[in-house]
Structure formats: structure tokens, C-alpha cells
>>> print(open('my_file_2.pdb').read())   # PDB, C-alpha atoms
ATOM      1  CA  MET A   1      68.078 140.723  45.781
ATOM      2  CA  LEU A   2      68.696 143.234  48.570
ATOM      3  CA  GLU A   3      65.564 145.127  47.617
ATOM      4  CA  PHE A   4      63.524 141.931  47.751
ATOM      5  CA  CYS A   5      64.937 141.092  51.219
ATOM      6  CA  VAL A   6      64.009 144.565  52.479
ATOM      7  CA  LYS A   7      60.491 144.436  51.039
ATOM      8  CA  GLN A   8      59.822 140.946  52.439
ATOM      9  CA  ASN A   9      61.370 141.843  55.831
ATOM     10  CA  VAL A  10      63.903 139.009  55.490
ATOM     11  CA  PHE A  11      66.588 140.926  57.374
ATOM     12  CA  LEU A  12      64.124 141.757  60.121
ATOM     13  CA  TYR A  13      63.051 138.148  60.638
ATOM     14  CA  ALA A  14      66.661 136.978  60.499
ATOM     15  CA  MET A  15      67.623 139.425  63.259
ATOM     16  CA  ILE A  16      64.742 138.225  65.436
ATOM     17  CA  ALA A  17      65.743 134.580  64.866
ATOM     18  CA  ALA A  18      69.344 135.368  65.785
ATOM     19  CA  GLY A  19      68.168 137.113  68.948
ATOM     20  CA  ILE A  20      66.066 134.094  69.968
ATOM     21  CA  ALA A  21      68.999 131.759  69.304
ATOM     22  CA  GLY A  22      71.249 133.947  71.452
ATOM     23  CA  VAL A  23      68.759 133.877  74.339
ATOM     24  CA  TRP A  24      68.509 130.088  74.015
ATOM     25  CA  CYS A  25      72.299 129.748  74.296
ATOM     26  CA  LEU A  26      72.401 132.035  77.328
ATOM     27  CA  PHE A  27      69.590 130.128  79.031
ATOM     28  CA  TRP A  28      71.208 126.683  78.757
ATOM     29  CA  ASN A  29      74.633 128.008  79.628
ATOM     30  CA  ASN A  30      73.267 129.657  82.748
ATOM     31  CA  ARG A  31      71.377 126.482  83.659
ATOM     32  CA  PHE A  32      74.594 124.462  83.599
ATOM     33  CA  TYR A  33      76.453 126.853  85.921
ATOM     34  CA  THR A  34      73.475 127.197  88.278
ATOM     35  CA  ARG A  35      73.080 123.449  88.762
ATOM     36  CA  ALA A  36      76.841 122.928  89.114
ATOM     37  CA  ILE A  37      77.097 125.637  91.796
ATOM     38  CA  ARG A  38      74.142 124.178  93.704
ATOM     39  CA  ASP A  39      75.846 120.780  93.743
ATOM     40  CA  LEU A  40      78.830 122.277  95.580
ATOM     41  CA  GLY A  41      76.799 122.077  98.768
ATOM     42  CA  ARG A  42      75.696 118.484  98.160
ATOM     43  CA  LEU A  43      78.716 116.759  96.656
ATOM     44  CA  LYS A  44      77.862 113.552  98.504
ATOM     45  CA  GLU A  45      74.502 113.374  96.709
ATOM     46  CA  PRO A  46      74.792 115.477  93.529
ATOM     47  CA  LYS A  47      71.877 115.830  91.150
ATOM     48  CA  SER A  48      73.551 116.972  87.952
ATOM     49  CA  LYS A  49      75.158 114.447  85.629
ATOM     50  CA  TRP A  50      78.253 116.603  85.175
ATOM     51  CA  THR A  51      79.008 116.691  88.916
ATOM     52  CA  ARG A  52      78.684 112.918  89.204
ATOM     53  CA  SER A  53      81.018 112.501  86.242
ATOM     54  CA  VAL A  54      83.644 114.773  87.841
ATOM     55  CA  LEU A  55      83.461 112.847  91.126
ATOM     56  CA  GLU A  56      83.925 109.535  89.311
ATOM     57  CA  THR A  57      86.935 110.960  87.483
ATOM     58  CA  CYS A  58      88.415 112.111  90.801
ATOM     59  CA  GLN A  59      87.919 108.652  92.324
ATOM     60  CA  ARG A  60      89.821 107.046  89.449
ATOM     61  CA  LYS A  61      92.810 109.309  90.044
ATOM     62  CA  ALA A  62      95.531 107.307  91.811
ATOM     63  CA  HIS A  63      97.613 110.370  92.749
ATOM     64  CA  PRO A  64      96.775 113.684  94.448
ATOM     65  CA  PHE A  65      95.995 116.732  92.306
ATOM     66  CA  SER A  66      98.994 118.953  91.733
ATOM     67  CA  ASN A  67      96.917 121.591  89.883
ATOM     68  CA  ALA A  68      93.242 121.330  90.759
ATOM     69  CA  GLY A  69      92.403 124.564  88.931
ATOM     70  CA  ALA A  70      93.654 123.302  85.569
ATOM     71  CA  PHE A  71      91.875 120.000  86.116
ATOM     72  CA  MET A  72      88.562 121.727  86.828
ATOM     73  CA  ARG A  73      88.878 124.042  83.817
ATOM     74  CA  SER A  74      89.251 121.002  81.597
ATOM     75  CA  GLN A  75      86.214 119.403  83.239
ATOM     76  CA  ILE A  76      84.109 122.549  82.765
ATOM     77  CA  ALA A  77      85.146 122.648  79.110
ATOM     78  CA  GLN A  78      83.807 119.091  78.788
ATOM     79  CA  GLY A  79      80.502 119.987  80.458
ATOM     80  CA  ARG A  80      77.368 119.752  78.335
ATOM     81  CA  SER A  81      73.948 121.333  78.482
ATOM     82  CA  ALA A  82      71.094 120.662  76.053
ATOM     83  CA  GLY A  83      73.417 118.291  74.194
ATOM     84  CA  MET A  84      76.000 121.004  73.495
ATOM     85  CA  ALA A  85      79.319 121.814  75.135
ATOM     86  CA  VAL A  86      79.340 124.776  77.513
ATOM     87  CA  PRO A  87      82.059 126.695  75.600
ATOM     88  CA  THR A  88      80.048 126.184  72.404
ATOM     89  CA  LEU A  89      76.953 127.695  74.009
ATOM     90  CA  LEU A  90      78.968 130.672  75.240
ATOM     91  CA  ARG A  91      80.447 131.258  71.803
ATOM     92  CA  GLY A  92      76.993 130.777  70.287
ATOM     93  CA  SER A  93      75.532 133.694  72.226
ATOM     94  CA  GLN A  94      78.470 135.851  71.200
ATOM     95  CA  ASN A  95      78.080 134.850  67.537
ATOM     96  CA  MET A  96      74.367 135.707  67.637
ATOM     97  CA  ILE A  97      75.195 139.210  68.856
ATOM     98  CA  LEU A  98      77.586 139.664  65.960
ATOM     99  CA  THR A  99      74.985 138.231  63.551
ATOM    100  CA  VAL A 100      72.358 140.757  64.687
ATOM    101  CA  LEU A 101      74.809 143.616  64.251
ATOM    102  CA  ALA A 102      75.840 142.419  60.782
ATOM    103  CA  LEU A 103      72.213 142.065  59.633
ATOM    104  CA  SER A 104      71.411 145.508  61.014
ATOM    105  CA  ILE A 105      74.280 147.111  59.092
ATOM    106  CA  LEU A 106      73.372 145.262  55.888
ATOM    107  CA  SER A 107      69.681 146.170  56.110
ATOM    108  CA  LEU A 108      70.494 149.834  56.803
ATOM    109  CA  TRP A 109      72.794 149.948  53.792
ATOM    110  CA  ALA A 110      70.089 148.392  51.576
ATOM    111  CA  ILE A 111      67.465 150.889  52.823
ATOM    112  CA  TYR A 112      69.805 153.800  52.164
ATOM    113  CA  ARG A 113      70.682 152.514  48.690
ATOM    114  CA  TYR A 114      67.123 151.962  47.509
ATOM    115  CA  ARG A 115      65.934 155.138  49.252
ATOM    116  CA  TYR A 116      63.258 153.710  51.493
ATOM    117  CA  GLY A 117      61.455 155.943  53.929
ATOM    118  CA  GLU A 118      62.775 157.055  57.287
ATOM    119  CA  ALA A 119      60.212 154.869  59.060
ATOM    120  CA  GLU A 120      61.688 151.757  57.506
ATOM    121  CA  LEU A 121      65.173 152.866  58.465
ATOM    122  CA  MET A 122      64.203 153.467  62.095
ATOM    123  CA  ARG A 123      62.393 150.142  62.323
ATOM    124  CA  TYR A 124      65.463 148.146  61.287
ATOM    125  CA  LEU A 125      67.796 150.280  63.327
ATOM    126  CA  GLY A 126      65.653 150.004  66.459
ATOM    127  CA  THR A 127      65.174 146.255  66.084
ATOM    128  CA  GLY A 128      68.871 145.553  65.586
ATOM    129  CA  THR A 129      69.941 147.809  68.417
ATOM    130  CA  ALA A 130      67.387 146.346  70.830
ATOM    131  CA  LEU A 131      68.290 142.727  70.069
ATOM    132  CA  ALA A 132      72.059 143.207  70.178
ATOM    133  CA  GLY A 133      71.896 145.396  73.267
ATOM    134  CA  GLY A 134      69.532 142.975  75.007
ATOM    135  CA  LEU A 135      71.838 140.006  74.394
ATOM    136  CA  VAL A 136      74.846 141.938  75.668
ATOM    137  CA  PHE A 137      72.902 143.094  78.721
ATOM    138  CA  PHE A 138      71.679 139.593  79.609
ATOM    139  CA  ARG A 139      75.138 138.154  79.169
ATOM    140  CA  LEU A 140      76.625 140.744  81.529
ATOM    141  CA  CYS A 141      73.867 140.205  84.091
ATOM    142  CA  LEU A 142      74.317 136.423  84.096
ATOM    143  CA  ASP A 143      78.049 136.941  84.793
ATOM    144  CA  PHE A 144      79.361 133.623  83.504
ATOM    145  CA  GLY A 145      82.912 134.590  84.418
ATOM    146  CA  GLY A 146      81.968 135.067  88.067
ATOM    147  CA  LYS A 147      80.032 131.795  88.152
ATOM    148  CA  GLU A 148      82.964 129.938  86.659
ATOM    149  CA  GLU A 149      85.219 131.453  89.326
ATOM    150  CA  ILE A 150      82.848 130.314  92.082
ATOM    151  CA  LEU A 151      82.807 126.819  90.583
ATOM    152  CA  LEU A 152      86.588 126.684  90.340
ATOM    153  CA  ASN A 153      87.120 127.912  93.905
ATOM    154  CA  GLY A 154      84.586 125.474  95.336
ATOM    155  CA  TRP A 155      85.997 122.459  93.540
ATOM    156  CA  THR A 156      89.604 123.451  94.202
ATOM    157  CA  ASP A 157      88.902 123.690  97.933
ATOM    158  CA  TYR A 158      87.196 120.290  97.890
ATOM    159  CA  LEU A 159      89.936 118.536  95.911
ATOM    160  CA  GLU A 160      92.861 119.997  97.837
ATOM    161  CA  ASN A 161      91.392 119.573 101.323
ATOM    162  CA  GLU A 162      88.433 117.271 101.919
ATOM    163  CA  PHE A 163      88.938 114.913  98.978
ATOM    164  CA  ALA A 164      92.708 114.729  99.537
ATOM    165  CA  ALA A 165      92.199 113.825 103.205
ATOM    166  CA  THR A 166      89.629 111.161 102.311
ATOM    167  CA  LYS A 167      91.909 109.700  99.652
ATOM    168  CA  GLN A 168      94.870 109.627 102.049
ATOM    169  CA  SER A 169      92.809 107.880 104.740
ATOM    170  CA  ALA A 170      91.661 105.246 102.255
ATOM    171  CA  VAL A 171      95.262 104.629 101.112
ATOM    172  CA  LEU A 172      96.491 104.287 104.705
ATOM    173  CA  GLU A 173      93.711 101.859 105.535
ATOM    174  CA  THR A 174      94.559  99.763 102.485
ATOM    175  CA  VAL A 175      98.249  99.700 103.426
ATOM    176  CA  GLN A 176      97.443  98.664 106.993
ATOM    177  CA  GLN A 177      95.214  95.844 105.801
ATOM    178  CA  THR A 178      97.916  94.672 103.390
ATOM    179  CA  GLU A 179     100.519  94.659 106.163
ATOM    180  CA  TRP A 180      98.217  92.969 108.667
ATOM    181  CA  GLN A 181      97.224  90.013 106.473
ATOM    182  CA  PRO A 182     100.686  88.317 106.424
ATOM    183  CA  VAL A 183     101.073  88.859 110.177
ATOM    184  CA  GLN A 184      97.648  87.368 110.833
ATOM    185  CA  ALA A 185      98.385  84.378 108.585
ATOM    186  CA  GLU A 186     101.714  83.783 110.357
ATOM    187  CA  THR A 187     100.046  83.986 113.772
ATOM    188  CA  MET A 188      97.374  81.485 112.754
ATOM    189  CA  ALA A 189     100.036  79.144 111.395
ATOM    190  CA  GLN A 190     101.995  79.338 114.650
ATOM    191  CA  GLU A 191      98.875  78.647 116.688
ATOM    192  CA  GLY A 192      98.055  75.642 114.514
ATOM    193  CA  THR A 193     101.587  74.256 114.887
ATOM    194  CA  GLY A 194     101.492  74.728 118.651
ATOM    195  CA  ALA A 195      98.156  72.939 118.885
ATOM    196  CA  ALA A 196      99.464  70.068 116.738
ATOM    197  CA  LYS A 197     102.515  69.709 118.989
ATOM    198  CA  ALA A 198     100.488  69.946 122.153
ATOM    199  CA  LYS A 199      98.067  67.230 121.054
ATOM    200  CA  PRO A 200     100.647  64.399 120.699
ATOM    201  CA  GLN A 201     102.296  65.489 123.931
ATOM    202  CA  THR A 202      98.949  65.348 125.679
ATOM    203  CA  ALA A 203      98.191  61.942 124.163
ATOM    204  CA  GLY A 204     101.625  60.648 125.158
ATOM    205  CA  SER A 205     101.221  61.897 128.712
ATOM    206  CA  GLU A 206      97.796  60.264 128.963
ATOM    207  CA  SER A 207      99.214  56.917 127.686
ATOM    208  CA  ALA A 208     102.100  57.073 130.159
ATOM    209  CA  LYS A 209      99.672  57.858 132.923
ATOM    210  CA  GLU A 210      97.529  54.856 132.008
ATOM    211  CA  ARG A 211     100.587  52.566 131.935
ATOM    212  CA  ASN A 212     101.710  53.832 135.316
ATOM    213  CA  GLU A 213      98.258  53.184 136.723
ATOM    214  CA  LEU A 214      98.288  49.746 135.096
ATOM    215  CA  PHE A 215     101.624  48.733 136.647
ATOM    216  CA  ALA A 216     100.626  50.234 139.973
ATOM    217  CA  ASP A 217      97.855  47.583 140.261
ATOM    218  CA  PRO A 218      99.332  44.360 141.912
ATOM    219  CA  GLU A 219      96.805  41.977 140.401
ATOM    220  CA  LYS A 220      97.393  43.230 136.855
ATOM    221  CA  GLU A 221     101.151  43.101 137.435
ATOM    222  CA  ALA A 222     100.903  39.455 138.536
ATOM    223  CA  ARG A 223      98.938  38.475 135.445
ATOM    224  CA  ILE A 224     101.438  40.233 133.222
ATOM    225  CA  SER A 225     104.289  38.342 134.958
ATOM    226  CA  LYS A 226     102.580  35.003 134.335
ATOM    227  CA  VAL A 227     102.113  35.746 130.665
ATOM    228  CA  ARG A 228     105.692  36.883 130.451
ATOM    229  CA  GLU A 229     106.943  33.647 132.044
ATOM    230  CA  GLY A 230     104.882  31.672 129.566
ATOM    231  CA  ILE A 231     106.486  33.545 126.708
ATOM    232  CA  ARG A 232     109.953  32.930 128.157
ATOM    233  CA  GLN A 233     109.253  29.208 128.539
ATOM    234  CA  THR A 234     108.118  29.096 124.929
ATOM    235  CA  ALA A 235     111.322  30.797 123.884
ATOM    236  CA  ALA A 236     113.533  28.520 126.058
ATOM    237  CA  ALA A 237     116.901  27.258 124.904
ATOM    238  CA  GLU A 238     115.550  23.861 123.848
ATOM    239  CA  SER A 239     112.719  25.459 121.923
ATOM    240  CA  ARG A 240     112.941  26.293 118.254
ATOM    241  CA  PHE A 241     112.157  29.917 119.185
ATOM    242  CA  ALA A 242     115.264  30.281 121.344
ATOM    243  CA  GLY A 243     117.174  33.500 120.970
ATOM    244  CA  MET A 244     114.402  35.223 119.092
ATOM    245  CA  LEU A 245     113.349  37.577 121.905
ATOM    246  CA  THR A 246     115.784  40.317 122.729
ATOM    247  CA  PRO A 247     115.395  42.595 125.772
ATOM    248  CA  GLU A 248     113.863  45.267 123.527
ATOM    249  CA  GLU A 249     111.406  42.734 122.117
ATOM    250  CA  GLU A 250     110.497  41.597 125.628
ATOM    251  CA  LYS A 251     109.842  45.214 126.563
ATOM    252  CA  LEU A 252     107.662  45.649 123.496
ATOM    253  CA  MET A 253     105.822  42.405 124.262
ATOM    254  CA  ARG A 254     105.268  43.584 127.819
ATOM    255  CA  GLU A 255     103.703  46.799 126.554
ATOM    256  CA  ILE A 256     101.484  44.858 124.175
ATOM    257  CA  ILE A 257     100.331  42.565 126.973
ATOM    258  CA  SER A 258      99.726  45.609 129.174
ATOM    259  CA  GLU A 259      97.497  47.166 126.509
ATOM    260  CA  TYR A 260      95.649  43.885 126.063
ATOM    261  CA  VAL A 261      95.081  43.374 129.803
TER     262      VAL A 261
END
>>> encode(input="my_file_2.pdb", output="C-alpha cells")
Amino acid sequence: MLEFCVKQNVFLYAMIAAGIAGVWCLFWNNRFYTRAIRDLGRLKEPKSKWTRSVLETCQRKAHPFSNAGAFMRSQIAQGRSAGMAVPTLLRGSQNMILTVLALSILSLWAIYRYRYGEAELMRYLGTGTALAGGLVFFRLCLDFGGKEEILLNGWTDYLENEFAATKQSAVLETVQQTEWQPVQAETMAQEGTGAAKAKPQTAGSESAKERNELFADPEKEARISKVREGIRQTAAAESRFAGMLTPEEEKLMREIISEYV
């Protein structure tokens, strides 16, 4: 089986496939960190889906962040690129490096066992070394640890300073509105009660004024006196209505006659 794999270059093709898979993992992992770092300067209008998701999660938080660093590490661990989690992509590139090294060792052992030529040995050795070394080199150059640190520092500064101040201002505004509504309702109620009291007083003063003007007119006063005398004659002692009009009733009748006149 090993001899067949060496003759058909199975180990060689497997190492190349593992190298391509490792580069693919590095590419998408780097793309996630690059876009996330770019969004640090445009948090009000982010372009990446992960940044928008983190901002929505922050808005749902009802309390300030006691440990923004731990919160952001958990959010980065939940980040996805190319449909895969960021930690999975990082481990994938590492696993591909180990796969290339394992295939290189296995192919070299098979070549030595079946005594293939030195050219075949150098070809497998060179291919494995180049692929594994290239993946390690690219991973070091991309510096995912440094990019994660930049992302953590940027988000921590935002959450502990700008976002905290914005959240506090919003809470204070809400509290002020809540306190102002009962005061405003009470003020409106007092104004309505004052207006209701003032209206009858105004109406009563206007009626009294009209009555005063009515009794101040001599002609109208004379006509009222005549009507009053007629009522008294009707309610005389010999009449069947005698004793029915009390002084209060006469006063009421006088007011009625005044309104009629």
C-alpha cells in the first residue's frame, strides 16, 4: 500500500492539498480581522456583519461592562468568516501544517523502506518542507495575535468610555422624562381646576352685574314693583293662596321677574 502511494504520488498530492487548505484558512481568518479593525474607525456605520452584531449586543446590555476585555474575547470567538468560526479557521491552519509534516515523514519513511532513488527522496522532502515552512511563515507575517490585541484595545476603549457615556446620558434622559411626566400632569390638572373655578365666578359676577344694572334703572324697578304688588294682592289674606309666599319666595319671585323683564 505504501509503495503504491509513493508510485502514484498520493503523498505528494495530499501534501499540496493540505497546503492549499491551510492557505485558505489563513486567508479567511485574516479577512475577518482586517474588516473588524477597519470598522473601529466607523462604528457608527459599520460594514461587517460581526461589528453590527456586537453593537446590537451592547445596546441590549442594561448595565455597564465590568470586564470589557472578557466580553470582547467571547464576541471574537463567536465571529464567523466563510461560514466558519474564527477559532476554527485558526486551528485549521495549524492542523494543516501538522498534516503536511506528518505526510512528509510518512513518505520519506516509505521511500527509504522501498529504496527509491535520491531524486524521489529530495522531491518529497523539498515539497513538505516548502509547504510547512510557507504556512508557518504566512501565519507569522499575518500576526493574528497582534490583530486580536488591536481589536480588543479598540473595543475596550469604546465600551468603557464613549459607549458608557452615551448609555449614561440615555439613562439620565429617560429618568428625567419619567420624573417630569407626573409633574406635568399635575400642573395641567391644577390649571384645569383653576379655569373651572374661575368660569363660574366670572359667570356669577356677570349675573350680579346685570342685576345691579337692572335695579339701577328706575323704569324697570317700577314695573317690577307693580308685578310684585299684583302677586301680593293675589296672595292676600282672603285669598286661597294666603300664606304661601314667604320672604325667601318673594325674593326668588323678584329675581325671576327681573330675569323676565
>>> residues_around(input="my_file_2.pdb", residues="A:Asn153", least_positions_apart="5", cutoff="9 Å", atoms="all atoms listed in the file", output="PyMOL selection string")
chain A and resi 69+148+158
>>> axis_aligned_box(input="my_file_2.pdb", around="stretch 108-113 of chain A", padding_each_side="3 Å", output="AutoDock Vina command-line options")
--center_x 70.1 --center_y 151.1 --center_z 52.7 --size_x 11.3 --size_y 11.4 --size_z 14.1
>>> residues_around(input="my_file_2.pdb", residues="stretch 90-95 of chain A", least_positions_apart="4", cutoff="9 Å", atoms="all atoms listed in the file", output="count of residues only")
17
>>> closest_residue(input="my_file_2.pdb", among="A:Gly79, A:Asp143, A:Ile20, A:Ala68", to="A:Ser48", atoms="only C-alpha atoms")
A:Gly79
>>> closest_residue(input="my_file_2.pdb", among="A:Leu252, A:Gly145, A:Lys226, A:Tyr114", to="A:Phe4", atoms="all atoms listed in the file")
A:Tyr114
>>> resolve_selection(input="my_file_2.pdb", expression="the PyMOL selection byres ((chain A and resi 123-132) around 9)", output="ChimeraX atom specification")
/A:11-12,15-16,18-20,96-101,103-105,107-108,118-122,133-137
>>> atom_distance(input="my_file_2.pdb", atom1="atom CA of A:Glu160", atom2="atom CA of A:Cys58")
11.5 Å
>>> closest_residue(input="my_file_2.pdb", among="A:Leu106, A:Ile111, A:Leu2, A:Ile150", to="A:Met72", atoms="all atoms listed in the file")
A:Ile150
>>> atom_distance(input="my_file_2.pdb", atom1="atom CA of A:Gly41", atom2="atom CA of A:Ala82")
23.5 Å
>>> closest_residue(input="my_file_2.pdb", among="A:Leu159, A:Gly83, A:Glu229, A:Tyr116", to="A:Leu55", atoms="only C-alpha atoms")
A:Leu159
>>> closest_residue(input="my_file_2.pdb", among="A:Glu255, A:Asn30, A:Asp157, A:Ser225", to="A:Phe65", atoms="all atoms listed in the file")
A:Asp157
>>> closest_residue(input="my_file_2.pdb", among="A:Ile76, A:Ala102, A:Met84, A:Cys5", to="A:Glu149", atoms="all atoms listed in the file")
A:Ile76
